[in-house]
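Asker: Dumping the structure here so I can ask a few things about it.
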Amino acid sequence: MKASAFSYARAASVGNAIELLVAHGERAKVLSGGQSLMPAMNLRLVAPELIVDIGDLTELRGIAVSGGIVTIGALTRHADLLKSSEIAAHTPLLTDAVAHVAHPAIRNRGTIGGSLAHADPASELPACMVALNATIIINGSAGERRVPASDFFTGIYETVLSAQELLVAVEIPIGPKNSAHFFCEFARRHGDYAIVGLAAQAVVENDMLTDLRPVFFAVGDRPVLAKAAAKLVKASITPALLSEASENLSEELDPPEDQQASSSMRRHLAKVLLARCVSALLGRPDLGSGGSL
Ligand SMILES: Cc1cc2nc3c(=O)[nH]c(=O)nc-3n(C[C@H](O)[C@H](O)[C@H](O)COP(=O)(O)OP(=O)(O)OC[C@H]3O[C@@H](n4cnc5c(N)ncnc54)[C@H](O)[C@@H]3O)c2cc1C
């Protein structure tokens with residue numbers, strides 16, 4: 001199938017992109033890497049009348065580190081994140097996660113802004129943003145607004161972004177020296193969307209987790225920061241305590257059922273991932289046997 005007929009505008013600046021979005025509202029769509037938008041248009045799942053191509057806005061591309069914050073421009077491609085030494089040094093969770101986003105050809109075009117705006121609940125980067133306590137920076141005709149990642153995603157393919165706004169960057173606070181992270185996803189093949197995934201950021205002190213943000217993806221309509229993890233923070237973790245937290249996690253999640261996995265299968269996989277996460281973060285193999293696959 002081919003996309004419905006549409007008009008095309010190449011934005012000359014962020015201001016120009018916003019002018020076009022304000023003028024055309026719901027009838028316009030931003031084009032970044034096109035790796036989600038173009039397939040959706042070709043399948044006629046969406047039929048915008050105007051495409052606003054922001055690909056020339058080089059000011060939206062790049063990674064900067066300053067004052068304990070990593071700032072990533074919206075047009076930074078997945079491939080740029082994967083090879084960035086700044087990202088590997090300061091937010092290695094992202095380096096691990098991006099390697100699971102699709103395949104090289106898609107990573108060469110797809111952007112972090114596009115992935116976050118698209119808000120697929122099975123995507124890796126939205127979950128990472130919540131785990132990393134990122135702030136999403138949005139520009140519109142009224143100026144800039146800053147939204148915590150935990151408030152940004154509102155449903156399946158839904159965010160707080162209005163049709164008149166542009167996601168311009170994300171800011172990620174650099175964690176303390178004893179930060180640790182964990183990333184793992186179950187997918188049919190490497191590069192496929194996850195059946196269940198977990199991105200977690202933590203602080204480890206004296207064999208204890210003093211902070212833990214485990215964010216599950218593909219288990220709900222948006223990334224899910226597991227409340228059950230609170231039990232595991234500043235606690236001496238025994239297999240019994242971990243098992244209790246896993247049961248709480250299972251009650252907390254309401255995963256969808258689809259052709260890839262049943263709801264109960266997703267619950268089971270989430271529990272396995274939580275056990276592996278805690279085991280890896282603390283270097284405690286005795287905790288990792290939280291269920292077989
Ligand atoms: C075969 C295949 C496999 C894939 N597998 C995965 C996977 O495993 N994991 C994964 O996470 N993704 C996967 N993707 C999606 C891919 O990562 C996309 O690149 C990403 O989701 C969207 O980024 P993009 O820059 O291409 O955005 P686009 O396709 O250009 O845009 C996506 C949506 O976001 C909006 N948008 C884009 N940029 C902005 C902005 N700056 N401000 C406001 N709105 C904006 C667009 O209007 C559109 O609605 C896959 C894609 C394909 C085709």
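By convention in this document, the chains of the structure tokens carry letters A, B, ... by their order, each chain's residues are numbered from 1, and ligands are numbered from 1 in the order they are shown.
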A:Thr159: which residues within 7 Å, counting only C-alpha atoms, same-chain residues fewer than 3 positions away excluded, as number ranges by chain?
Answerer: A: 117, 119, 152-155
Asker: List all protein, DNA and RNA residues that have an atom no more than 6 Å from any atom of ligand 1, counting only C-alpha atoms and all ligand atoms, and report them as a list in words.
Answerer: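 So, counting only C-alpha atoms and all ligand atoms, the residues near ligand 1 are Lys29, Val30, Leu31, Ser32, Gly33, Gly34, Gln35, Ser36, Leu37, Ala74, Val101, Ala102, Gly110, Thr111, Gly113, Gly114, Ser115, Ala117, His118, Ser123, Glu124, Leu166, Leu167, Val168, Gly191, Asp192 and Tyr193 of chain A.
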Asker: Using only C-alpha atoms, pick whichever of A:Pro223, A:Gly283, A:Pro214, A:Pro92 has the shortest atom-to-atom distance to A:Glu158.
Answerer: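 Checking each of A:Pro223, A:Gly283, A:Pro214, A:Pro92 against A:Glu158, counting only C-alpha atoms, the winner is A:Pro223.
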Asker: Between atom CA of A:His268 and atom CA of A:Ala180, what is the distance, to one decimal in Å?
Answerer: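 Here the two named atoms are 24.3 Å from each other.
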Asker: Atom CA of A:Pro255 and atom CA of A:Met129, how far apart in Å?
Answerer: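 So the answer is 20.3 Å.
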